[in-house]
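Trainee: Sharing a structure with you now.
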Amino acid sequence: MEKRLKVWFDLEGDMLEIGFAKRKGFMKDIGEDVFIRLDQKGEVIGFTILNATKRFEKIKELKLPIKGRLISLAK
């Protein structure tokens, strides 16, 4: 199984993108400027948050409709 975590922030576009796998997929709008990326099997492989800096100025915590855990791959 492929293991990867990609975090990308575009300051000019004010967009935060986090990816969990490098597979083809499609975006699904789940509301409030949040999109999830799903693969062909319907598994979440990432998400995108538009207007990210504006969102984080107002809130301390962002709840997303995904569950996961981070595992260090460093040796």
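Identifiers for the structure tokens are assigned positionally: chains receive A, B, ... in sequence, residues are indexed from 1 per chain, and ligands are indexed from 1 in the order shown.
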Tell me, as an MDAnalysis selection string, which residues lie within 7 Å of Asp14 of chain A, counting only C-alpha atoms; anything in the same chain fewer than 6 positions away does not count.

Mentor: chainID A and resid 50:53

Trainee: Can you pull out every residue within 7 Å of Ile45 of chain A, counting only C-alpha atoms, but drop anything in the same chain fewer than 4 positions away, and send it as a VMD selection string?

Mentor: chain A and resid 19 to 21 37 to 39

Trainee: Could you take the residues named above and write them with N, CA and C atoms, as a PDB file, in the first residue's frame?

Mentor:
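Final output, result-v4.pdb:
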ATOM      1  N   GLY A  19      -2.922  15.730   0.719  1.00  0.00           N
ATOM      2  CA  GLY A  19      -3.127  14.484  -0.003  1.00  0.00           C
ATOM      3  C   GLY A  19      -2.543  13.314   0.761  1.00  0.00           C
ATOM      4  N   PHE A  20      -3.239  12.195   0.713  1.00  0.00           N
ATOM      5  CA  PHE A  20      -2.804  10.986   1.417  1.00  0.00           C
ATOM      6  C   PHE A  20      -2.263   9.918   0.473  1.00  0.00           C
ATOM      7  N   ALA A  21      -2.605  10.030  -0.802  1.00  0.00           N
ATOM      8  CA  ALA A  21      -2.171   9.032  -1.782  1.00  0.00           C
ATOM      9  C   ALA A  21      -2.078   9.684  -3.143  1.00  0.00           C
ATOM     10  N   ARG A  37     -11.119  14.609  -1.966  1.00  0.00           N
ATOM     11  CA  ARG A  37     -10.688  13.916  -3.181  1.00  0.00           C
ATOM     12  C   ARG A  37     -10.902  12.434  -2.939  1.00  0.00           C
ATOM     13  N   LEU A  38     -11.637  11.816  -3.831  1.00  0.00           N
ATOM     14  CA  LEU A  38     -11.946  10.393  -3.739  1.00  0.00           C
ATOM     15  C   LEU A  38     -11.299   9.643  -4.889  1.00  0.00           C
ATOM     16  N   ASP A  39     -10.854   8.422  -4.637  1.00  0.00           N
ATOM     17  CA  ASP A  39     -10.333   7.609  -5.729  1.00  0.00           C
ATOM     18  C   ASP A  39     -11.482   6.858  -6.387  1.00  0.00           C
TER      19      ASP A  39
END

Trainee: Which residue is closest to Gly25 of chain A? Choose from A:Phe47, A:Arg55, A:Val7, A:Glu12 and count only C-alpha atoms.

Mentor: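 Of A:Phe47, A:Arg55, A:Val7, A:Glu12, the one nearest Gly25 of chain A is A:Phe47, counting only C-alpha atoms.
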
Trainee: Neighbouring residues of Ile49 of chain A were defined as those with any atom within 12 Å, considering only C-alpha atoms; residues of the same chain fewer than 3 positions away were excluded. Please report them as a PDB file with C-alpha atoms, in the first residue's frame.

Mentor:
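Full text of out_21.pdb as output:
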ATOM      1  CA  VAL A   7       0.659  19.274   2.336  1.00  0.00           C
ATOM      2  CA  TRP A   8       0.538  22.213  -0.053  1.00  0.00           C
ATOM      3  CA  PHE A   9      -0.520  25.797   0.585  1.00  0.00           C
ATOM      4  CA  ASP A  10      -1.053  28.382  -2.147  1.00  0.00           C
ATOM      5  CA  GLY A  13      -5.008  31.375  -4.148  1.00  0.00           C
ATOM      6  CA  ASP A  14      -5.570  31.007  -0.383  1.00  0.00           C
ATOM      7  CA  MET A  15      -5.917  27.246  -0.748  1.00  0.00           C
ATOM      8  CA  LEU A  16      -4.712  24.426   1.506  1.00  0.00           C
ATOM      9  CA  GLU A  17      -4.448  20.961   0.006  1.00  0.00           C
ATOM     10  CA  ILE A  18      -3.596  17.757   1.849  1.00  0.00           C
ATOM     11  CA  GLY A  19      -3.127  14.484  -0.003  1.00  0.00           C
ATOM     12  CA  MET A  27     -13.130  16.205  -6.108  1.00  0.00           C
ATOM     13  CA  LYS A  28     -16.435  16.293  -4.271  1.00  0.00           C
ATOM     14  CA  ASP A  29     -17.768  19.530  -2.781  1.00  0.00           C
ATOM     15  CA  ILE A  30     -18.870  18.890   0.800  1.00  0.00           C
ATOM     16  CA  GLY A  31     -19.738  22.506   1.537  1.00  0.00           C
ATOM     17  CA  GLU A  32     -18.238  25.592   3.149  1.00  0.00           C
ATOM     18  CA  ASP A  33     -15.306  25.699   0.667  1.00  0.00           C
ATOM     19  CA  VAL A  34     -14.148  22.175   1.567  1.00  0.00           C
ATOM     20  CA  PHE A  35     -13.642  19.496  -1.079  1.00  0.00           C
ATOM     21  CA  ILE A  36     -12.618  15.883  -0.571  1.00  0.00           C
ATOM     22  CA  ARG A  37     -10.688  13.916  -3.181  1.00  0.00           C
ATOM     23  CA  GLY A  46      -7.112  13.985   0.237  1.00  0.00           C
ATOM     24  CA  ALA A  52      -7.920  28.838   4.166  1.00  0.00           C
ATOM     25  CA  THR A  53      -6.385  31.853   5.900  1.00  0.00           C
ATOM     26  CA  LYS A  54      -9.763  33.502   6.366  1.00  0.00           C
ATOM     27  CA  ARG A  55     -11.140  30.281   7.828  1.00  0.00           C
ATOM     28  CA  PHE A  56      -8.312  29.772  10.299  1.00  0.00           C
ATOM     29  CA  LEU A  62     -11.530  22.470  11.860  1.00  0.00           C
ATOM     30  CA  LYS A  63     -13.590  19.306  11.846  1.00  0.00           C
ATOM     31  CA  LEU A  64     -13.457  17.309   8.629  1.00  0.00           C
TER      32      LEU A  64
END
